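One structure is given here, and the rest of the page talks about it.
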Amino acid sequence: MSSSKQDQSIFDTLAARLDKDPGTPVNDPTESFWQVPRLPIADARSEQLPEVADVVVIGSGITGISTSLHLLRQDHSLKIVMLEARSAISGATGRNGGHIKAVPWADYYALKEEFGKESAMKITKFRLSHLDALVGEADALGEAGKVGLVRRVEGVSGVYDEEGWKLAKVKLQSFLEDFPEERGRWTICEDQAELNQLGLANAYGCIRGRSGAAWPYRLLGCVLSKMLSEGQLSLETQTVGQEVRCTRSTSHPYEVHTSRGLISTKHVIHCTNAYTAHLLPALKGKLWPLRGQMTVQSVPEAFPRVGGTRSWSAIWARGFDYITQSPAEDGSLYLGGGFLQGGLEKDQDLGSTDDSTLSAQCLEHLEAVPSKAFVHGTGAKVEKKWTGIMGFTGDGLPMVDRVRSHVSGREECEPNVGGEWIAAGWDGYGMVHCWLAGKALAAMVTGHEDEVRDWFPKDEFACSKERLDKMSAEGALERFFGSLTSENKR
Ligand SMILES: Cc1cc2nc3c(=O)[nH]c(=O)nc-3n(C[C@H](O)[C@H](O)[C@H](O)COP(=O)(O)OP(=O)(O)OC[C@H]3O[C@@H](n4cnc5c(N)ncnc54)[C@H](O)[C@@H]3O)c2cc1C
């Protein structure tokens, strides 16, 4: 960041936004393409709020759903109540880009520098394992899973900046050196004729690799509907979690106060991602919201229809956009991103939980992406636009752990009686974190922690005091601007 007075004052304003209480979700979000038509269970809730539970899961996105499902797989007898402030899956999970895309060639380099080789490898493997896991879950749903439209695609990351392209090749090399088994799965292309054949215009090069594309609202909707129809879970929509309190009860040590009354419970699990710091204020400025912008754009006749087999990223000198395509004949592009393209002064997205409004500066950029990035993109037209809220952390890693008193400010109960837990802070990459983080957390809650050591970056995602003490809103911003795009971190 420049040290001019004006920049400093913008920086201070942004830092103050990250330090704010994120509050609870706004009532009237923009309408996401993915959420039309609404799920039959969108407004499900009991006539009377249950008074007692074994587990209260707050949040009905992919994290809350995965955690609940895996808890029940561990212990079928658990009584779980899931709270949702709005309609089911109406948060980021129902509003995102639908990419199941780990970008190890970009991320590994920075992870290794910051956290060391062992941790970087563990985190990278964890992210990469999500594609198979989600494809497997969709397959297991049989016919129902097909409407989830989880598909394996080739992810094409086009780099539209000369320096960025040089760096991308170095980083890919660094990743492949430590992951020899991945060689051949990630390839570079920088021949202009080939790039044009791939449909890319103006790119210096691209990296091609494994990826996935999904309709998360429908996929997770199927999973949640199945749990509800089997009577395994009580979903309480339009029910805001307002406060968590400790009680003196030896059987149900927590009370969750909601907009519809209170529930006594053994465990409370915070799956509220961007909003987590509302109920856990110690996380303000350490786990903060960022508003993302999505569009659906119709494409001209000449634009190839390859949505069933391909997805893209467009990586600019600053920032990146992410694009999937409808696998149907219409070939519409689902295009999101545009963050900070209007400069710091115009930014309204950092720290914002307002998904009832659009991001003007992101939209201005996104409208122009098809014509700038694709050979046949000129003439694409925005048909639908909406926003959604992500959760980012001060060091770029999620928080998946038991909530200790240094985070909750509450006394901890005996671990064999119950506990308070968190799974949040996916830094915009929920589809390659949340599902298996939910599985890991479920194992921890039910006392099977040892089962996750081999495949889950438990220490790296822990909410230790030492880790949290290193985080601040100012530090988060410095870090964030220094590594503005995940796909071209320096
Ligand atoms: C525009 C956009 C594009 C994205 N694109 C991608 C992508 O392509 N690939 C990818 O991997 N990730 C993407 N992400 C990120 C991804 O969607 C998220 O990381 C992921 O969905 C988080 O899931 P979650 O269940 O943790 O949170 P959410 O899905 O946000 O669910 C949290 C739920 O908690 C509810 N809630 C909050 N507070 C309370 C309360 N006090 N009481 C009751 N309920 C409450 C909310 O209403 C919400 O439904 C994108 C996100 C956005 C916004």
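Note on naming: chains are A, B, ... as they come in the structure tokens, residues start from 1 per chain, ligands start from 1 in the order shown.
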
Please, which residues in chain A fall within 6 Å of ligand 1 when counting only C-alpha atoms and all ligand atoms, and what is the closest atom pair and distance in Å to one decimal for each, ordered by chain then residue number, as a tab-separated table?
residue	atom	partner	partner_atom_place_in_ligand_line	distance
A:Thr24	CA	ligand 1	38 (N)	4.9
A:Pro25	CA	ligand 1	47 (O)	5.4
A:Ile58	CA	ligand 1	43 (C)	5.3
A:Gly59	CA	ligand 1	34 (O)	3.3
A:Ser60	CA	ligand 1	33 (C)	5.0
A:Gly61	CA	ligand 1	25 (O)	3.2
A:Ile62	CA	ligand 1	25 (O)	4.0
A:Thr63	CA	ligand 1	25 (O)	3.8
A:Gly64	CA	ligand 1	25 (O)	5.6
A:Leu83	CA	ligand 1	43 (C)	5.0
A:Glu84	CA	ligand 1	44 (N)	3.7
A:Ala85	CA	ligand 1	44 (N)	3.8
A:Arg86	CA	ligand 1	47 (O)	5.3
A:Ile89	CA	ligand 1	49 (O)	5.0
A:Ser90	CA	ligand 1	49 (O)	4.7
A:Gly91	CA	ligand 1	49 (O)	3.7
A:Ala92	CA	ligand 1	30 (O)	3.9
A:Thr93	CA	ligand 1	21 (O)	3.4
A:Arg95	CA	ligand 1	1 (C)	5.7
A:Asn96	CA	ligand 1	3 (C)	3.4
A:Gly97	CA	ligand 1	8 (O)	3.4
A:Gly98	CA	ligand 1	8 (O)	4.2
A:His99	CA	ligand 1	8 (O)	3.7
A:Ile100	CA	ligand 1	11 (O)	5.4
A:Thr239	CA	ligand 1	43 (C)	5.9
A:Val240	CA	ligand 1	42 (N)	3.8
A:Gly241	CA	ligand 1	42 (N)	3.7
A:Gln242	CA	ligand 1	41 (N)	5.7
A:Cys271	CA	ligand 1	26 (O)	5.5
A:Thr272	CA	ligand 1	34 (O)	3.9
A:Asn273	CA	ligand 1	26 (O)	4.5
A:Tyr275	CA	ligand 1	38 (N)	5.1
A:Gly292	CA	ligand 1	1 (C)	3.9
A:Gln293	CA	ligand 1	1 (C)	4.7
A:Met294	CA	ligand 1	1 (C)	5.1
A:Thr387	CA	ligand 1	1 (C)	5.5
A:Gly388	CA	ligand 1	53 (C)	3.5
A:Ile389	CA	ligand 1	53 (C)	4.2
A:Met390	CA	ligand 1	53 (C)	4.9
A:Ala424	CA	ligand 1	26 (O)	5.4
A:Trp426	CA	ligand 1	19 (O)	5.0
A:Gly428	CA	ligand 1	15 (C)	4.1
A:Tyr429	CA	ligand 1	11 (O)	3.6
A:Gly430	CA	ligand 1	19 (O)	3.1
A:Met431	CA	ligand 1	11 (O)	3.5
A:Val432	CA	ligand 1	11 (O)	5.4

Could you take the residues named above and write them with C-alpha atoms, as a PDB file, in the first residue's frame?
ATOM      1  CA  THR A  24     -27.131 -11.361  11.231  1.00  0.00           C
ATOM      2  CA  PRO A  25     -28.125 -11.912   7.583  1.00  0.00           C
ATOM      3  CA  ILE A  58     -26.287 -22.684  13.446  1.00  0.00           C
ATOM      4  CA  GLY A  59     -26.338 -22.174   9.661  1.00  0.00           C
ATOM      5  CA  SER A  60     -27.830 -24.267   6.839  1.00  0.00           C
ATOM      6  CA  GLY A  61     -25.080 -23.914   4.208  1.00  0.00           C
ATOM      7  CA  ILE A  62     -22.753 -26.651   2.986  1.00  0.00           C
ATOM      8  CA  THR A  63     -20.834 -26.579   6.292  1.00  0.00           C
ATOM      9  CA  GLY A  64     -23.864 -26.977   8.536  1.00  0.00           C
ATOM     10  CA  LEU A  83     -31.055 -23.001  12.807  1.00  0.00           C
ATOM     11  CA  GLU A  84     -31.239 -20.788   9.741  1.00  0.00           C
ATOM     12  CA  ALA A  85     -31.863 -17.049   9.875  1.00  0.00           C
ATOM     13  CA  ARG A  86     -33.435 -16.892   6.394  1.00  0.00           C
ATOM     14  CA  ILE A  89     -29.229 -22.666   1.976  1.00  0.00           C
ATOM     15  CA  SER A  90     -29.836 -18.986   1.313  1.00  0.00           C
ATOM     16  CA  GLY A  91     -26.281 -17.903   2.260  1.00  0.00           C
ATOM     17  CA  ALA A  92     -23.087 -18.173   0.200  1.00  0.00           C
ATOM     18  CA  THR A  93     -23.762 -21.838  -0.624  1.00  0.00           C
ATOM     19  CA  ARG A  95     -25.248 -17.842  -4.177  1.00  0.00           C
ATOM     20  CA  ASN A  96     -21.745 -18.856  -5.240  1.00  0.00           C
ATOM     21  CA  GLY A  97     -19.899 -19.600  -8.479  1.00  0.00           C
ATOM     22  CA  GLY A  98     -20.215 -23.380  -8.178  1.00  0.00           C
ATOM     23  CA  HIS A  99     -16.525 -24.122  -8.777  1.00  0.00           C
ATOM     24  CA  ILE A 100     -15.042 -27.110  -7.017  1.00  0.00           C
ATOM     25  CA  THR A 239     -34.945 -18.558  13.138  1.00  0.00           C
ATOM     26  CA  VAL A 240     -32.056 -16.325  14.102  1.00  0.00           C
ATOM     27  CA  GLY A 241     -29.465 -17.512  16.621  1.00  0.00           C
ATOM     28  CA  GLN A 242     -29.123 -14.503  18.896  1.00  0.00           C
ATOM     29  CA  CYS A 271     -21.517 -22.820  10.809  1.00  0.00           C
ATOM     30  CA  THR A 272     -22.321 -19.207  10.030  1.00  0.00           C
ATOM     31  CA  ASN A 273     -19.133 -18.394   8.126  1.00  0.00           C
ATOM     32  CA  TYR A 275     -21.421 -13.931  10.317  1.00  0.00           C
ATOM     33  CA  GLY A 292     -18.969 -11.267  -3.805  1.00  0.00           C
ATOM     34  CA  GLN A 293     -20.761 -10.468  -7.056  1.00  0.00           C
ATOM     35  CA  MET A 294     -22.156 -13.037  -9.497  1.00  0.00           C
ATOM     36  CA  THR A 387     -24.421 -10.900  -4.415  1.00  0.00           C
ATOM     37  CA  GLY A 388     -23.417 -13.227  -1.582  1.00  0.00           C
ATOM     38  CA  ILE A 389     -21.258 -13.027   1.528  1.00  0.00           C
ATOM     39  CA  MET A 390     -18.005 -14.925   2.108  1.00  0.00           C
ATOM     40  CA  ALA A 424     -15.844 -21.211   9.173  1.00  0.00           C
ATOM     41  CA  TRP A 426     -13.084 -20.455   3.881  1.00  0.00           C
ATOM     42  CA  GLY A 428     -13.859 -17.770  -0.862  1.00  0.00           C
ATOM     43  CA  TYR A 429     -12.982 -21.448  -1.411  1.00  0.00           C
ATOM     44  CA  GLY A 430     -15.829 -23.173   0.383  1.00  0.00           C
ATOM     45  CA  MET A 431     -16.345 -25.959  -2.109  1.00  0.00           C
ATOM     46  CA  VAL A 432     -12.836 -27.300  -1.512  1.00  0.00           C
TER      47      VAL A 432
END

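Inside region 431-462 of chain A, the residues DSSP reads as alpha helix (DSSP H) when given the backbone are Cys434, Trp435, Leu436, Ala437, Gly438, Lys439, Ala440, Leu441, Ala442, Ala443, Met444 and Val445 of chain A.
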
Go ahead and dump the residues you just picked, C-alpha atoms, as a PDB file, in the first residue's frame.
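The file below, result39.pdb, is the result:
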ATOM      1  CA  CYS A 434     -16.425 -27.198   3.798  1.00  0.00           C
ATOM      2  CA  TRP A 435     -17.561 -30.720   3.003  1.00  0.00           C
ATOM      3  CA  LEU A 436     -14.631 -32.560   4.529  1.00  0.00           C
ATOM      4  CA  ALA A 437     -14.180 -29.954   7.267  1.00  0.00           C
ATOM      5  CA  GLY A 438     -17.735 -30.857   8.292  1.00  0.00           C
ATOM      6  CA  LYS A 439     -16.745 -34.524   8.314  1.00  0.00           C
ATOM      7  CA  ALA A 440     -13.668 -33.791  10.431  1.00  0.00           C
ATOM      8  CA  LEU A 441     -15.588 -31.625  12.867  1.00  0.00           C
ATOM      9  CA  ALA A 442     -18.271 -34.289  13.282  1.00  0.00           C
ATOM     10  CA  ALA A 443     -15.533 -36.775  14.217  1.00  0.00           C
ATOM     11  CA  MET A 444     -14.104 -34.317  16.765  1.00  0.00           C
ATOM     12  CA  VAL A 445     -17.513 -33.626  18.318  1.00  0.00           C
TER      13      VAL A 445
END

Would you mind telling me which residue in A:Leu39, A:Val268, A:Val223, A:Gly231 lies nearest to His76 (chain A) when using only C-alpha atoms?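 Selected residue with least distance to His76 (chain A): A:Gly231.
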
Fewer than 3 positions away in the same chain doesn't count, so skip those; otherwise give me all residues within 10 Å of Val382 (chain A), counting only C-alpha atoms, as an MDAnalysis selection string. chainID A and resid 295:299 332:335 363 366:368 379 385

So that I can check the secondary structure, give me every residue of region 268-475 of chain A assigned strand (DSSP E) by backbone DSSP, as an MDAnalysis selection string. chainID A and resid 268:270 287:298 310:315 320:325 333:336 381:393 399:402 419:424

Keeping only C-alpha atoms, write those residues as an mmCIF file, in the first residue's frame.
data_model
loop_
_atom_site.group_PDB
_atom_site.id
_atom_site.type_symbol
_atom_site.label_atom_id
_atom_site.label_comp_id
_atom_site.auth_asym_id
_atom_site.auth_seq_id
_atom_site.Cartn_x
_atom_site.Cartn_y
_atom_site.Cartn_z
ATOM 1 C CA VAL A 268 -23.383 -25.736 19.730
ATOM 2 C CA ILE A 269 -21.751 -25.630 16.298
ATOM 3 C CA HIS A 270 -21.158 -22.297 14.591
ATOM 4 C CA LEU A 287 -12.867 -13.606 10.574
ATOM 5 C CA TRP A 288 -14.599 -10.993 8.477
ATOM 6 C CA PRO A 289 -17.129 -10.745 5.638
ATOM 7 C CA LEU A 290 -16.489 -9.935 2.011
ATOM 8 C CA ARG A 291 -19.319 -9.468 -0.459
ATOM 9 C CA GLY A 292 -18.969 -11.267 -3.805
ATOM 10 C CA GLN A 293 -20.761 -10.468 -7.056
ATOM 11 C CA MET A 294 -22.156 -13.037 -9.497
ATOM 12 C CA THR A 295 -23.776 -12.734 -12.929
ATOM 13 C CA VAL A 296 -25.422 -15.003 -15.473
ATOM 14 C CA GLN A 297 -24.539 -13.867 -18.988
ATOM 15 C CA SER A 298 -26.115 -15.083 -22.235
ATOM 16 C CA ARG A 310 -14.782 -27.041 -18.993
ATOM 17 C CA SER A 311 -14.614 -24.085 -16.611
ATOM 18 C CA TRP A 312 -12.363 -21.029 -16.574
ATOM 19 C CA SER A 313 -10.654 -18.403 -14.458
ATOM 20 C CA ALA A 314 -9.500 -15.073 -15.861
ATOM 21 C CA ILE A 315 -6.500 -13.840 -13.901
ATOM 22 C CA PHE A 320 -9.418 -12.714 -10.901
ATOM 23 C CA ASP A 321 -12.807 -13.841 -12.149
ATOM 24 C CA TYR A 322 -14.306 -17.320 -12.194
ATOM 25 C CA ILE A 323 -16.528 -18.729 -14.887
ATOM 26 C CA THR A 324 -18.555 -21.886 -15.453
ATOM 27 C CA GLN A 325 -20.957 -22.485 -18.303
ATOM 28 C CA LEU A 333 -21.910 -18.155 -18.472
ATOM 29 C CA TYR A 334 -22.003 -18.044 -14.678
ATOM 30 C CA LEU A 335 -19.431 -15.378 -14.129
ATOM 31 C CA GLY A 336 -18.334 -13.924 -10.822
ATOM 32 C CA LYS A 381 -25.297 -9.912 -22.017
ATOM 33 C CA VAL A 382 -25.911 -9.859 -18.272
ATOM 34 C CA GLU A 383 -29.247 -11.587 -17.622
ATOM 35 C CA LYS A 384 -29.132 -12.005 -13.865
ATOM 36 C CA LYS A 385 -27.027 -10.557 -11.045
ATOM 37 C CA TRP A 386 -26.841 -11.100 -7.320
ATOM 38 C CA THR A 387 -24.421 -10.900 -4.415
ATOM 39 C CA GLY A 388 -23.417 -13.227 -1.582
ATOM 40 C CA ILE A 389 -21.258 -13.027 1.528
ATOM 41 C CA MET A 390 -18.005 -14.925 2.108
ATOM 42 C CA GLY A 391 -15.914 -15.244 5.278
ATOM 43 C CA PHE A 392 -12.176 -14.476 5.231
ATOM 44 C CA THR A 393 -9.596 -14.989 7.984
ATOM 45 C CA MET A 399 -11.051 -22.131 11.596
ATOM 46 C CA VAL A 400 -12.276 -25.626 12.438
ATOM 47 C CA ASP A 401 -12.007 -26.471 16.106
ATOM 48 C CA ARG A 402 -13.512 -26.609 19.559
ATOM 49 C CA GLY A 419 -18.889 -28.253 23.738
ATOM 50 C CA GLU A 420 -18.971 -25.258 21.458
ATOM 51 C CA TRP A 421 -17.453 -25.636 17.990
ATOM 52 C CA ILE A 422 -16.635 -23.637 14.893
ATOM 53 C CA ALA A 423 -16.215 -24.424 11.180
ATOM 54 C CA ALA A 424 -15.844 -21.211 9.173
#

Show me, as an MDAnalysis selection string, the residues that have an atom within 12 Å of Glu113 (chain A) when counting only C-alpha atoms, minus same-chain residues fewer than 4 positions from it. chainID A and resid 107:109 117:121 171 174:175 489:490

Preceding selection exported with C-alpha atoms as a short mmCIF file (atom, residue, chain, number, x, y, z; two decimals), in the first residue's frame:
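Output file part04.cif follows:
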data_model
loop_
_atom_site.label_atom_id
_atom_site.label_comp_id
_atom_site.auth_asym_id
_atom_site.auth_seq_id
_atom_site.Cartn_x
_atom_site.Cartn_y
_atom_site.Cartn_z
CA ASP A 107 -1.62 -21.67 -3.62
CA TYR A 108 1.01 -24.23 -2.73
CA TYR A 109 3.89 -21.83 -3.31
CA LYS A 117 6.31 -27.77 3.49
CA GLU A 118 4.52 -30.30 5.70
CA SER A 119 1.55 -28.07 6.46
CA ALA A 120 1.37 -26.80 2.88
CA MET A 121 1.24 -30.36 1.58
CA LYS A 171 4.70 -21.64 -9.04
CA SER A 174 7.30 -25.58 -7.37
CA PHE A 175 4.02 -27.45 -6.83
CA LYS A 489 -0.31 -14.66 -5.18
CA ARG A 490 3.15 -13.32 -4.94
#
